[in-house]
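Chemist: Pasting model_32.cif below, which is mmCIF, C-alpha atoms.
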data_start
loop_
_atom_site.label_atom_id
_atom_site.label_comp_id
_atom_site.auth_asym_id
_atom_site.auth_seq_id
_atom_site.Cartn_x
_atom_site.Cartn_y
_atom_site.Cartn_z
CA MET A 1 41.18 30.93 -23.63
CA THR A 2 38.81 32.76 -25.94
CA LYS A 3 38.70 36.56 -26.00
CA LYS A 4 35.36 36.54 -24.15
CA GLN A 5 36.79 34.27 -21.45
CA ILE A 6 39.80 36.58 -21.04
CA LEU A 7 37.49 39.56 -20.58
CA ILE A 8 35.19 37.83 -18.07
CA ASN A 9 38.15 36.40 -16.21
CA SER A 10 39.91 39.73 -15.71
CA LEU A 11 36.65 41.61 -15.09
CA PHE A 12 34.94 39.29 -12.56
CA THR A 13 36.57 35.95 -11.76
CA GLU A 14 40.07 37.33 -11.16
CA ASN A 15 38.98 40.92 -10.49
CA ALA A 16 42.06 42.97 -9.67
CA VAL A 17 40.59 44.54 -6.54
CA TRP A 18 38.42 41.96 -4.85
CA ARG A 19 40.43 38.84 -5.84
CA GLN A 20 43.99 40.11 -6.23
CA ILE A 21 43.77 43.01 -3.74
CA LEU A 22 45.61 45.34 -6.11
CA GLY A 23 45.06 49.05 -6.70
CA ILE A 24 43.67 49.44 -3.20
CA CYS A 25 45.23 52.84 -2.45
CA SER A 26 43.43 54.69 -5.21
CA ALA A 27 40.25 52.65 -4.69
CA LEU A 28 40.23 53.97 -1.13
CA ALA A 29 41.19 57.53 -2.00
CA VAL A 30 38.90 58.65 -4.82
CA THR A 31 35.70 56.80 -3.98
CA ASN A 32 33.81 59.48 -2.06
CA LEU A 33 32.40 60.95 -5.28
CA LEU A 34 30.97 58.98 -8.21
CA MET A 35 32.22 61.43 -10.85
CA ASN A 36 35.85 61.23 -9.68
CA SER A 37 35.59 57.43 -9.56
CA LEU A 38 34.20 57.29 -13.10
CA VAL A 39 36.93 59.47 -14.63
CA MET A 40 39.62 57.68 -12.64
CA GLY A 41 38.20 54.35 -13.88
CA LEU A 42 38.21 55.52 -17.50
CA GLY A 43 41.80 56.78 -17.17
CA VAL A 44 42.91 53.41 -15.78
CA ILE A 45 41.04 51.45 -18.51
CA PHE A 46 42.76 53.53 -21.23
CA THR A 47 46.21 53.27 -19.65
CA LEU A 48 45.85 49.53 -18.97
CA ALA A 49 44.64 48.71 -22.48
CA CYS A 50 47.34 50.80 -24.20
CA SER A 51 50.23 49.79 -21.95
CA SER A 52 49.33 46.08 -22.04
CA PHE A 53 49.08 46.26 -25.85
CA THR A 54 52.46 48.00 -26.21
CA ILE A 55 54.26 45.82 -23.68
CA SER A 56 52.90 42.69 -25.37
CA LEU A 57 54.00 44.04 -28.77
CA LEU A 58 57.56 44.46 -27.46
CA ARG A 59 57.57 41.33 -25.27
CA ASN A 60 60.06 39.40 -27.42
CA TYR A 61 62.53 42.29 -27.51
CA ILE A 62 62.43 43.58 -23.94
CA PRO A 63 65.50 42.23 -22.08
CA ASN A 64 64.29 40.21 -19.11
CA ARG A 65 66.49 41.96 -16.54
CA ILE A 66 65.23 45.43 -17.29
CA ARG A 67 61.63 44.54 -18.13
CA MET A 68 60.17 46.38 -15.14
CA MET A 69 61.99 49.61 -15.98
CA VAL A 70 60.67 49.40 -19.53
CA GLN A 71 57.14 48.67 -18.30
CA VAL A 72 57.16 51.68 -15.95
CA LEU A 73 58.49 53.89 -18.76
CA ILE A 74 55.72 52.81 -21.13
CA ILE A 75 53.00 53.11 -18.46
CA ALA A 76 54.25 56.56 -17.41
CA SER A 77 54.21 57.75 -21.03
CA PHE A 78 50.57 56.76 -21.47
CA VAL A 79 49.58 58.37 -18.16
CA ILE A 80 51.27 61.63 -19.18
CA ILE A 81 49.38 61.49 -22.49
CA VAL A 82 46.08 61.08 -20.56
CA ASP A 83 47.06 63.98 -18.30
CA LEU A 84 47.97 66.27 -21.23
CA PHE A 85 44.81 65.29 -23.10
CA LEU A 86 42.61 66.12 -20.11
CA LYS A 87 44.41 69.44 -19.55
CA ALA A 88 43.99 70.45 -23.21
CA TYR A 89 40.51 69.18 -24.02
CA LEU A 90 38.70 68.53 -20.70
CA PRO A 91 40.28 71.15 -18.40
CA ASN A 92 37.47 71.09 -15.84
CA MET A 93 37.79 67.35 -15.38
CA SER A 94 41.56 67.69 -15.14
CA LYS A 95 41.11 70.27 -12.37
CA ALA A 96 38.60 68.13 -10.50
CA LEU A 97 40.91 65.12 -10.42
CA GLY A 98 43.98 67.10 -9.44
CA PRO A 99 46.96 64.87 -8.72
CA TYR A 100 45.13 61.56 -9.11
CA VAL A 101 45.68 61.25 -12.86
CA GLY A 102 49.45 61.31 -12.35
CA LEU A 103 49.08 58.71 -9.63
CA ILE A 104 47.69 56.18 -12.16
CA ILE A 105 51.39 55.45 -12.86
CA THR A 106 51.73 53.88 -9.43
CA ASN A 107 48.56 51.78 -9.72
CA CYS A 108 49.72 48.21 -9.06
CA ILE A 109 47.07 46.72 -11.36
CA ILE A 110 48.84 48.11 -14.44
CA MET A 111 52.24 46.63 -13.53
CA GLY A 112 50.48 43.47 -12.35
CA ARG A 113 48.74 42.90 -15.69
CA ALA A 114 51.92 43.78 -17.62
CA GLU A 115 53.88 41.15 -15.68
CA ALA A 116 51.20 38.46 -15.38
CA PHE A 117 49.55 38.69 -18.78
CA ALA A 118 50.96 41.10 -21.36
CA SER A 119 54.52 39.75 -21.22
CA ASN A 120 53.31 36.24 -22.24
CA ASN A 121 50.35 36.87 -24.52
CA THR A 122 49.47 38.40 -27.89
CA PRO A 123 48.86 42.17 -28.17
CA ILE A 124 45.11 41.92 -28.88
CA ASN A 125 44.49 39.49 -26.01
CA SER A 126 46.58 41.70 -23.72
CA ALA A 127 44.55 44.76 -24.66
CA ILE A 128 41.33 42.84 -23.94
CA ASP A 129 42.75 41.69 -20.61
CA GLY A 130 43.71 45.30 -19.86
CA ILE A 131 40.22 46.59 -20.66
CA GLY A 132 38.71 43.82 -18.48
CA ALA A 133 40.99 44.50 -15.52
CA GLY A 134 40.44 48.27 -15.87
CA ALA A 135 36.67 47.84 -16.09
CA GLY A 136 36.78 45.54 -13.05
CA TYR A 137 38.63 48.22 -11.13
CA ALA A 138 36.19 50.92 -12.31
CA LEU A 139 33.28 48.68 -11.28
CA VAL A 140 34.59 48.36 -7.72
CA LEU A 141 35.23 52.11 -7.52
CA LEU A 142 31.70 52.89 -8.70
CA ILE A 143 30.04 50.42 -6.30
CA ILE A 144 31.92 51.86 -3.31
CA ALA A 145 31.45 55.47 -4.47
CA PHE A 146 27.70 54.88 -4.94
CA PHE A 147 27.24 54.12 -1.23
CA ARG A 148 29.78 56.66 0.02
CA GLU A 149 28.36 59.56 -1.98
CA LEU A 150 24.75 58.54 -1.28
CA PHE A 151 25.19 58.29 2.50
CA GLY A 152 27.92 60.92 2.86
CA PHE A 153 26.53 63.71 0.67
CA GLY A 154 22.96 62.50 -0.01
CA SER A 155 23.65 62.82 -3.73
CA LEU A 156 24.59 60.75 -6.80
CA PHE A 157 26.93 62.24 -9.44
CA GLY A 158 26.47 65.55 -7.60
CA ILE A 159 22.66 65.51 -7.98
CA PRO A 160 20.88 65.60 -4.59
CA VAL A 161 18.63 62.55 -4.21
CA LEU A 162 17.97 62.16 -0.49
CA GLY A 163 16.70 65.66 0.29
CA GLN A 164 17.05 67.87 3.37
CA TRP A 165 15.74 65.31 5.90
CA TRP A 166 18.78 63.11 5.38
CA THR A 167 21.50 63.48 8.03
CA LYS A 168 24.77 63.23 6.15
CA TRP A 169 27.08 60.52 7.47
CA SER A 170 30.36 62.41 7.70
CA ILE A 171 32.30 59.17 8.18
CA MET A 172 31.25 58.08 4.68
CA VAL A 173 33.11 61.07 3.21
CA MET A 174 36.23 60.34 5.23
CA ALA A 175 38.89 57.68 4.67
CA PRO A 176 37.78 55.04 7.24
CA SER A 177 34.51 54.33 5.44
CA ALA A 178 36.45 53.31 2.33
CA PHE A 179 38.07 50.52 4.36
CA PHE A 180 34.71 49.31 5.71
CA MET A 181 33.04 49.45 2.31
CA LEU A 182 35.88 47.66 0.53
CA ALA A 183 35.97 44.93 3.19
CA LEU A 184 32.18 44.48 3.01
CA LEU A 185 32.34 44.28 -0.79
CA MET A 186 35.11 41.66 -0.70
CA TRP A 187 33.15 39.67 1.87
CA GLY A 188 29.98 39.82 -0.23
CA VAL A 189 31.74 38.77 -3.40
CA TYR A 190 33.57 35.94 -1.60
CA ILE A 191 30.27 34.54 -0.27
CA LEU A 192 28.65 34.79 -3.70
CA GLN A 193 31.61 33.14 -5.43
CA THR A 194 31.88 30.26 -2.94
CA LYS A 195 28.12 29.67 -3.20
CA ALA A 196 28.36 29.65 -6.99
CA LYS A 197 31.19 27.11 -6.85
CA LYS A 198 29.19 24.74 -4.59
CA ILE A 199 26.25 24.77 -7.00
CA MET B 1 88.99 26.39 -31.11
CA GLU B 2 86.40 28.38 -32.96
CA LYS B 3 84.93 31.34 -31.12
CA GLN B 4 81.17 31.00 -30.63
CA LYS B 5 79.19 33.81 -32.18
CA ILE B 6 77.01 35.67 -29.66
CA HIS B 7 73.87 37.38 -30.88
CA PHE B 8 73.69 41.10 -30.03
CA SER B 9 70.53 40.56 -27.96
CA GLU B 10 72.52 38.28 -25.63
CA THR B 11 75.35 40.72 -24.97
CA LYS B 12 75.66 42.93 -21.89
CA PHE B 13 75.15 46.02 -23.98
CA TYR B 14 71.77 45.05 -25.33
CA PRO B 15 69.74 46.10 -22.21
CA VAL B 16 71.54 49.45 -22.12
CA PHE B 17 71.02 49.96 -25.83
CA PHE B 18 67.37 48.92 -25.60
CA MET B 19 66.70 51.24 -22.66
CA ILE B 20 68.29 54.21 -24.44
CA VAL B 21 66.30 53.57 -27.62
CA ILE B 22 62.94 53.10 -25.87
CA THR B 23 63.54 56.17 -23.69
CA ILE B 24 64.27 58.28 -26.76
CA ILE B 25 61.10 56.98 -28.46
CA CYS B 26 58.88 57.61 -25.41
CA VAL B 27 60.31 61.06 -24.73
CA GLY B 28 59.98 61.90 -28.43
CA ILE B 29 56.30 60.92 -28.48
CA LEU B 30 55.61 62.88 -25.28
CA ALA B 31 57.50 65.93 -26.52
CA THR B 32 55.47 65.90 -29.75
CA PHE B 33 52.20 65.50 -27.84
CA TYR B 34 53.19 68.29 -25.45
CA HIS B 35 54.13 70.54 -28.36
CA LEU B 36 50.73 69.91 -29.97
CA THR B 37 48.74 70.69 -26.83
CA HIS B 38 50.74 73.27 -24.86
CA LYS B 39 49.46 76.30 -26.79
CA ARG B 40 45.89 75.24 -26.09
CA VAL B 41 46.65 74.58 -22.42
CA GLU B 42 48.43 77.95 -22.00
CA ASP B 43 45.64 79.87 -23.74
CA TYR B 44 43.07 78.18 -21.56
CA GLU B 45 45.04 78.84 -18.38
CA LEU B 46 45.49 82.53 -19.26
CA ALA B 47 41.80 82.95 -20.09
CA GLN B 48 40.86 81.07 -16.91
CA MET B 49 43.11 83.29 -14.79
CA ARG B 50 41.67 86.46 -16.36
CA LYS B 51 38.13 85.18 -15.88
CA GLN B 52 38.83 84.38 -12.24
CA VAL B 53 40.36 87.82 -11.60
CA LEU B 54 37.25 89.46 -13.07
CA GLU B 55 34.85 87.22 -11.14
CA THR B 56 36.71 87.62 -7.85
CA LEU B 57 36.45 91.39 -8.28
CA GLY B 58 32.74 91.03 -9.02
CA LEU B 59 33.13 92.34 -12.58
CA PRO B 60 31.36 90.98 -15.68
CA ALA B 61 33.25 88.24 -17.53
CA THR B 62 31.07 87.60 -20.55
CA SER B 63 33.83 88.16 -23.09
CA VAL B 64 36.85 87.53 -20.89
CA ASN B 65 39.70 89.12 -22.86
CA GLU B 66 37.78 92.31 -23.75
CA ASP B 67 36.47 92.81 -20.22
CA TYR B 68 39.91 92.15 -18.81
CA GLU B 69 41.52 94.76 -21.08
CA ARG B 70 38.78 97.24 -20.17
CA TYR B 71 38.84 96.95 -16.37
CA ILE B 72 42.12 95.43 -15.21
CA ARG B 73 45.66 96.78 -14.94
CA VAL B 74 48.50 94.67 -13.56
CA ARG B 75 50.62 96.62 -11.09
CA THR B 76 53.61 95.90 -8.90
CA ARG B 77 54.55 97.58 -5.65
CA ASP B 78 57.19 96.48 -3.12
CA ASN B 79 57.55 93.16 -4.93
CA ILE B 80 53.83 92.48 -4.69
CA THR B 81 52.11 92.05 -8.04
CA PHE B 82 48.38 92.74 -7.97
CA TYR B 83 45.45 93.57 -10.23
CA GLU B 84 43.86 97.00 -10.07
CA ALA B 85 40.25 97.27 -11.21
CA LYS B 86 39.08 100.56 -12.71
CA ARG B 87 35.63 101.56 -13.88
CA ASP B 88 35.27 104.95 -15.62
CA ASN B 89 38.82 105.78 -14.53
CA ILE B 90 37.97 105.32 -10.86
CA VAL B 91 39.69 102.57 -8.91
CA ILE B 92 37.03 100.22 -7.56
CA GLY B 93 39.15 97.51 -5.95
CA TYR B 94 42.28 95.41 -5.90
CA CYS B 95 42.86 91.73 -6.41
CA PHE B 96 45.88 90.05 -4.82
CA PRO B 97 47.25 86.65 -5.85
CA MET B 98 48.34 84.68 -2.78
CA GLN B 99 49.81 81.29 -2.09
CA GLY B 100 50.75 78.94 0.73
CA SER B 101 50.97 75.30 1.73
CA GLY B 102 47.91 73.09 1.68
CA LEU B 103 47.74 69.51 2.88
CA TRP B 104 49.27 67.99 -0.26
CA GLY B 105 50.75 70.90 -2.15
CA THR B 106 50.73 74.60 -2.82
CA ILE B 107 47.36 76.33 -2.83
CA ARG B 108 47.08 79.50 -4.93
CA ALA B 109 44.22 81.90 -4.41
CA LEU B 110 42.93 85.35 -5.32
CA ALA B 111 41.58 87.79 -2.76
CA ALA B 112 39.76 90.93 -3.86
CA LEU B 113 39.86 93.84 -1.43
CA ASN B 114 38.00 97.14 -1.39
CA VAL B 115 39.83 100.41 -2.12
CA GLU B 116 40.41 101.12 1.59
CA LEU B 117 41.96 97.64 2.01
CA SER B 118 39.65 97.01 4.94
CA GLU B 119 37.27 94.37 3.61
CA ILE B 120 37.36 91.26 1.45
CA THR B 121 35.05 91.63 -1.54
CA GLY B 122 35.75 88.28 -3.16
CA PHE B 123 37.84 85.16 -2.68
CA SER B 124 38.65 82.28 -5.03
CA ILE B 125 41.06 79.39 -5.42
CA THR B 126 43.13 79.22 -8.59
CA GLU B 127 45.18 76.11 -7.92
CA GLN B 128 45.00 73.32 -5.35
CA ASN B 129 45.97 69.69 -5.00
CA GLU B 130 43.83 68.78 -1.99
CA THR B 131 42.04 65.42 -1.65
CA PRO B 132 39.17 65.21 -4.16
CA GLY B 133 35.84 65.10 -2.33
CA LEU B 134 37.39 66.30 0.94
CA GLY B 135 39.95 69.11 0.94
CA ALA B 136 39.17 69.93 -2.68
CA ARG B 137 35.81 71.24 -1.44
CA ILE B 138 37.64 74.48 -0.58
CA THR B 139 36.71 75.50 -4.14
CA GLU B 140 32.96 75.22 -3.43
CA ALA B 141 31.04 78.49 -3.58
CA TRP B 142 29.43 78.21 -0.10
CA PHE B 143 32.87 77.94 1.52
CA LEU B 144 34.46 80.79 -0.47
CA ASP B 145 31.42 83.09 -0.15
CA GLN B 146 31.93 83.11 3.61
CA PHE B 147 34.94 85.39 3.14
CA LYS B 148 32.92 87.97 1.18
CA ASN B 149 32.28 91.23 3.04
CA LYS B 150 34.41 90.13 5.99
CA SER B 151 36.48 92.86 7.66
CA ILE B 152 40.18 92.22 7.68
CA ILE B 153 41.27 94.81 10.23
CA PHE B 154 40.34 95.08 13.89
CA LYS B 155 42.16 97.58 16.15
CA ASP B 156 44.91 98.01 13.53
CA GLU B 157 45.60 94.29 13.44
CA VAL B 158 44.80 91.82 10.68
CA ILE B 159 42.07 89.45 11.87
CA LYS B 160 42.84 85.74 11.90
CA TYR B 161 39.53 83.96 11.34
CA SER B 162 38.75 81.00 13.57
CA LEU B 163 37.17 77.78 12.32
CA ILE B 164 33.86 76.38 13.53
CA PRO B 165 31.97 73.18 12.55
CA GLU B 166 30.08 73.15 9.25
CA ASP B 167 26.62 73.15 10.86
CA GLU B 168 27.16 76.09 13.25
CA ILE B 169 26.45 79.73 12.45
CA ALA B 170 29.58 81.85 11.95
CA ASP B 171 30.00 85.38 13.33
CA LEU B 172 32.18 88.13 11.83
CA THR B 173 35.50 86.51 12.66
CA GLU B 174 34.54 82.88 12.09
CA ILE B 175 34.56 80.57 9.10
CA GLN B 176 32.63 77.30 8.81
CA GLN B 177 35.19 74.60 8.10
CA ILE B 178 34.69 71.64 5.78
CA THR B 179 33.81 68.40 7.57
CA GLY B 180 36.63 65.90 7.14
CA ALA B 181 38.98 68.54 5.76
CA THR B 182 40.10 70.53 8.78
CA ALA B 183 43.69 70.74 7.53
CA SER B 184 42.69 72.23 4.17
CA SER B 185 40.22 74.66 5.78
CA ARG B 186 42.91 75.78 8.22
CA ALA B 187 45.41 76.12 5.36
CA ILE B 188 43.09 78.58 3.60
CA VAL B 189 42.62 80.71 6.73
CA ASN B 190 46.40 80.72 7.30
CA ILE B 191 47.24 81.60 3.68
CA LEU B 192 44.78 84.47 3.79
CA TYR B 193 46.11 85.73 7.13
CA ASN B 194 49.82 85.48 6.24
CA ASN B 195 49.39 87.20 2.89
CA LEU B 196 47.09 89.91 4.23
CA VAL B 197 49.57 90.76 7.00
CA GLU B 198 52.27 91.28 4.37
CA ILE B 199 50.01 93.27 2.05
CA ILE B 200 48.64 95.53 4.79
CA GLN B 201 52.12 96.12 6.17
CA LYS B 202 53.49 97.21 2.80
CA PHE B 203 50.46 99.23 1.71
CA LYS B 204 49.55 100.81 5.05
CA ASN B 205 51.46 104.00 4.43
CA SER B 206 50.47 104.60 0.84
#
Once you've parsed the file, please lay out its structure as structure tokens.
Modeler:
Amino acid sequence: MTKKQILINSLFTENAVWRQILGICSALAVTNLLMNSLVMGLGVIFTLACSSFTISLLRNYIPNRIRMMVQVLIIASFVIIVDLFLKAYLPNMSKALGPYVGLIITNCIIMGRAEAFASNNTPINSAIDGIGAGAGYALVLLIIAFFRELFGFGSLFGIPVLGQWWTKWSIMVMAPSAFFMLALLMWGVYILQTKAKKI
Amino acid sequence: MEKQKIHFSETKFYPVFFMIVITIICVGILATFYHLTHKRVEDYELAQMRKQVLETLGLPATSVNEDYERYIRVRTRDNITFYEAKRDNIVIGYCFPMQGSGLWGTIRALAALNVELSEITGFSITEQNETPGLGARITEAWFLDQFKNKSIIFKDEVIKYSLIPEDEIADLTEIQQITGATASSRAIVNILYNNLVEIIQKFKNS
């Protein structure tokens, strides 16, 4: 597979959320505001790229029986670096995201890519795969957050766009709407992909 | 029979050895990174806290450290630490740090009271871990401003504010809650009530 194919594959074709149904918990939790989704997405892209690169670099030395422990250790280290960086240089963003940055550690996509790709491929390809999978996750978050923030708050990235006449849909701000939106998105993508295959 | 040589990476000790080494490396990197950033983080947190104390008390915070030195004194009485604001040597108000449980973790807040300890003059949140977009909206100005100028005493008892829906108009003892974040809104009202009861009880006689 070429580098471009790896990227497209992990970003669209085998998208972590809508094809592999991974990372659902955070996709449901942070998607009521576009800004939170964007920063969460960027954090995951960084962690995925760095952890996949490092795990791939060490793949021939990591003992098979303890590989998951090592992967979690490496992933956790990168997440703590992101957290410290945000606290020191972007304190407002760090405050806005609260506990979610720390929760990147438990994002299944990162372990999933480490196991499925980074432990059998070269470091550069693994980093590209990580960026693709992270961007795919960020894409899903942004699509869902776009509709939830628009209908729920009448705004986009905190800027009011729908005006006073708009009756805010409270359900869009609350957890259930994330389930509906995610299911609708998966349905839409499935239809598009099966149509594309037939052609 | 000749003994077969086993490579170190195939022995039982290798995983243990590997884990120890990689843990030391990771912890070392994190410790270095923490060491490089913690001064900056602490300075920022201190400045942020001072700024918030000044703002909650309604004082200027253009140059935070200077203004803080000029107006604020930290005092402790009956195990309660609080900030006393003075302007031209006259006490103009008090600011009390308070804390309590939120939905996901501890919420810390600041409540500024007038000199008679009968009215809230400002309220702000210093730390919270509520759900972003839902409970985290307790930090929004419209929600916090509702506590401004609210009486805290009625017939010698501390008032416990009741919650009403976001689109209804609140009277003197009511607070508009955040839609979809009832638990966090209630947590704030409870934290305020519990801490005020303790403060009023201890300060009543002095």
Chemist: To one decimal in Å, tell me the separation between CA of Ala111 (chain B) and CA of Phe123 (chain B).
Modeler: 4.6 Å
Chemist: Rank nothing, just name the residue among A:Val39, A:Gly158, A:Ala145, A:Tyr137 nearest to Lys95 (chain A), using all atoms listed in the file.
Modeler: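 Once distances to Lys95 (chain A) are computed over all atoms listed in the file, the minimum belongs to A:Val39.
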Chemist: Interatomic distance between CA of Leu162 (chain A) and CA of Phe147 (chain A)?
Modeler: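 A separation of 12.3 Å between them.
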Chemist: Tell me, counting all atoms listed in the file, for each residue of chain B within 9 Å of chain A, which pair of atoms is nearest and how far apart they are in Å to one decimal, in rows ordered by chain and increasing number, as a tab-separated table.
Modeler:
residue	atom	partner	partner_atom	distance
B:Ser9	CA	A:Pro63	CA	7.9
B:Glu10	CA	A:Pro63	CA	8.8
B:Tyr14	CA	A:Pro63	CA	7.6
B:Pro15	CA	A:Pro63	CA	5.7
B:Val16	CA	A:Ile66	CA	8.9
B:Phe18	CA	A:Ile62	CA	7.5
B:Met19	CA	A:Val70	CA	7.0
B:Ile22	CA	A:Val70	CA	7.7
B:Thr23	CA	A:Leu73	CA	7.4
B:Cys26	CA	A:Ser77	CA	6.4
B:Val27	CA	A:Ser77	CA	7.9
B:Ile29	CA	A:Ser77	CA	8.4
B:Leu30	CA	A:Ser77	CA	6.8
B:Phe33	CA	A:Ile81	CA	7.3
B:Tyr34	CA	A:Leu84	CA	7.0
B:Thr37	CA	A:Ala88	CA	6.0
B:His38	CA	A:Ala88	CA	7.5
B:Lys39	CA	A:Ala88	CA	8.8
B:Arg40	CA	A:Ala88	CA	5.9
B:Val41	CA	A:Ala88	CA	5.0
B:Glu42	CA	A:Ala88	CA	8.8
B:Tyr44	CA	A:Ala88	CA	8.0
B:Glu127	CA	A:Lys95	CA	8.4
B:Gln128	CA	A:Gly98	CA	7.5
B:Asn129	CA	A:Gly98	CA	5.5
B:Glu130	CA	A:Gly98	CA	7.6
B:Thr131	CA	A:Ala29	CA	7.9
B:Pro132	CA	A:Leu97	CA	6.5
B:Gly133	CA	A:Asn32	CA	6.0
B:Leu134	CA	A:Val173	CA	7.1
B:Ala136	CA	A:Ala96	CA	8.0
B:Thr179	CA	A:Ser170	CA	6.9
B:Gly180	CA	A:Met174	CA	5.9
B:Ala181	CA	A:Met174	CA	8.7
Chemist: Find the residues around Ala16 (chain A) up to 7 Å (all atoms listed in the file counted), leave out those fewer than 6 positions away in its own chain, and share them as a PyMOL selection string.
Modeler: chain A and resi 22+109+133+136-137
Chemist: Box for region 81-85 of chain A: with edges along x, y and z, all listed atoms inside and 8 Å added on each side, what are the centre and edge lengths in Å to one decimal, as lines of an AutoDock Vina configuration file?
Modeler:
center_x = 47.1
center_y = 63.7
center_z = -20.7
size_x = 20.6
size_y = 21.2
size_z = 20.8
Chemist: Run the PyMOL selection byres ((chain B and resi 143-160) around 6) mentally over the shown coordinates, then write out the matched residues as a list in words, using the chain letters and numbers from the document.
Modeler: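 For this structure, the PyMOL selection byres ((chain B and resi 143-160) around 6) captures Ser118, Glu119, Ile120, Thr121, Gly122, Phe123, Glu140, Ala141, Trp142, Tyr161 and Tyr193 of chain B.
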Chemist: Name the residues captured by the PyMOL selection byres ((chain B and resi 67-71) around 8) when it is applied to the shown file; answer as an MDAnalysis selection string.
Modeler: chainID B and resid 50:51 54 60:66 72:73 85:87
Chemist: Do you know which residues the PyMOL selection byres ((chain A and resi 106) around 10) returns on this file, as a short mmCIF file (atom, residue, chain, number, x, y, z; two decimals) with C-alpha atoms, in the coordinates of the input?
Modeler:
data_model
loop_
_atom_site.label_atom_id
_atom_site.label_comp_id
_atom_site.auth_asym_id
_atom_site.auth_seq_id
_atom_site.Cartn_x
_atom_site.Cartn_y
_atom_site.Cartn_z
CA GLY A 23 45.06 49.05 -6.70
CA CYS A 25 45.23 52.84 -2.45
CA SER A 26 43.43 54.69 -5.21
CA VAL A 72 57.16 51.68 -15.95
CA ILE A 75 53.00 53.11 -18.46
CA ALA A 76 54.25 56.56 -17.41
CA GLY A 102 49.45 61.31 -12.35
CA LEU A 103 49.08 58.71 -9.63
CA ILE A 104 47.69 56.18 -12.16
CA ILE A 105 51.39 55.45 -12.86
CA ASN A 107 48.56 51.78 -9.72
CA CYS A 108 49.72 48.21 -9.06
CA ILE A 109 47.07 46.72 -11.36
CA ILE A 110 48.84 48.11 -14.44
CA MET A 111 52.24 46.63 -13.53
#
Chemist: How far is it from CA of Ile164 (chain B) to CA of Ile188 (chain B), in Å with one decimal?
Modeler: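 Taking CA of Ile164 (chain B) and CA of Ile188 (chain B), their separation equals 13.7 Å.
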Chemist: Which of these residues is nearest to Ser124 (chain B), using only C-alpha atoms: B:Pro165, B:Gly105, B:Gly58, B:Gly93?
Modeler: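 For Ser124 (chain B), the nearest of the given residues is B:Gly58.
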Chemist: B:Leu110, B:Leu163, B:Ile80, B:Ile92: which is nearest Glu198 (chain B), counting all atoms listed in the file?
Modeler: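 Of the candidates, the smallest distance to Glu198 (chain B) is held by B:Ile80.
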Chemist: Would you mind telling me which residue in B:Ile138, B:Val91, B:Ile24, B:Ile175 lies nearest to Glu116 (chain B) when using only C-alpha atoms?
Modeler: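 So, comparing all the options, the nearest one is B:Val91.
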Chemist: Point out the residue among A:Ser119, A:Ser155, A:Gln5, A:Thr194 with the least atom-to-atom distance to Leu57 (chain A), counting all atoms listed in the file.
Modeler: A:Ser119
Chemist: For Ile55 (chain A), find every residue with an atom within 7 Å (counting all atoms listed in the file), except residues of its own chain fewer than 4 positions away, and show them as a count of residues only.
Modeler: 6
Chemist: Taking all atoms listed in the file into account, which of B:Arg186, B:Ile20, B:Ile25, B:Val115 comes nearest Ile90 (chain B)?
Modeler: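 Checking each candidate against Ile90 (chain B), we get B:Val115 as the closest.
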Chemist: I'd like the neighbourhood of Phe46 (chain A) as a PDB file with C-alpha atoms, in the frame of the given file, where a residue qualifies if any of its atoms comes within 9 Å (using all atoms listed in the file), though same-chain residues fewer than 6 positions away should be ignored.
Modeler:
ATOM      1  CA  PHE A  78      50.570  56.760 -21.470  1.00  0.00           C
ATOM      2  CA  VAL A  79      49.580  58.370 -18.160  1.00  0.00           C
ATOM      3  CA  VAL A  82      46.080  61.080 -20.560  1.00  0.00           C
ATOM      4  CA  GLY A 130      43.710  45.300 -19.860  1.00  0.00           C
ATOM      5  CA  ILE A 131      40.220  46.590 -20.660  1.00  0.00           C
ATOM      6  CA  GLY A 134      40.440  48.270 -15.870  1.00  0.00           C
TER       7      GLY A 134
END
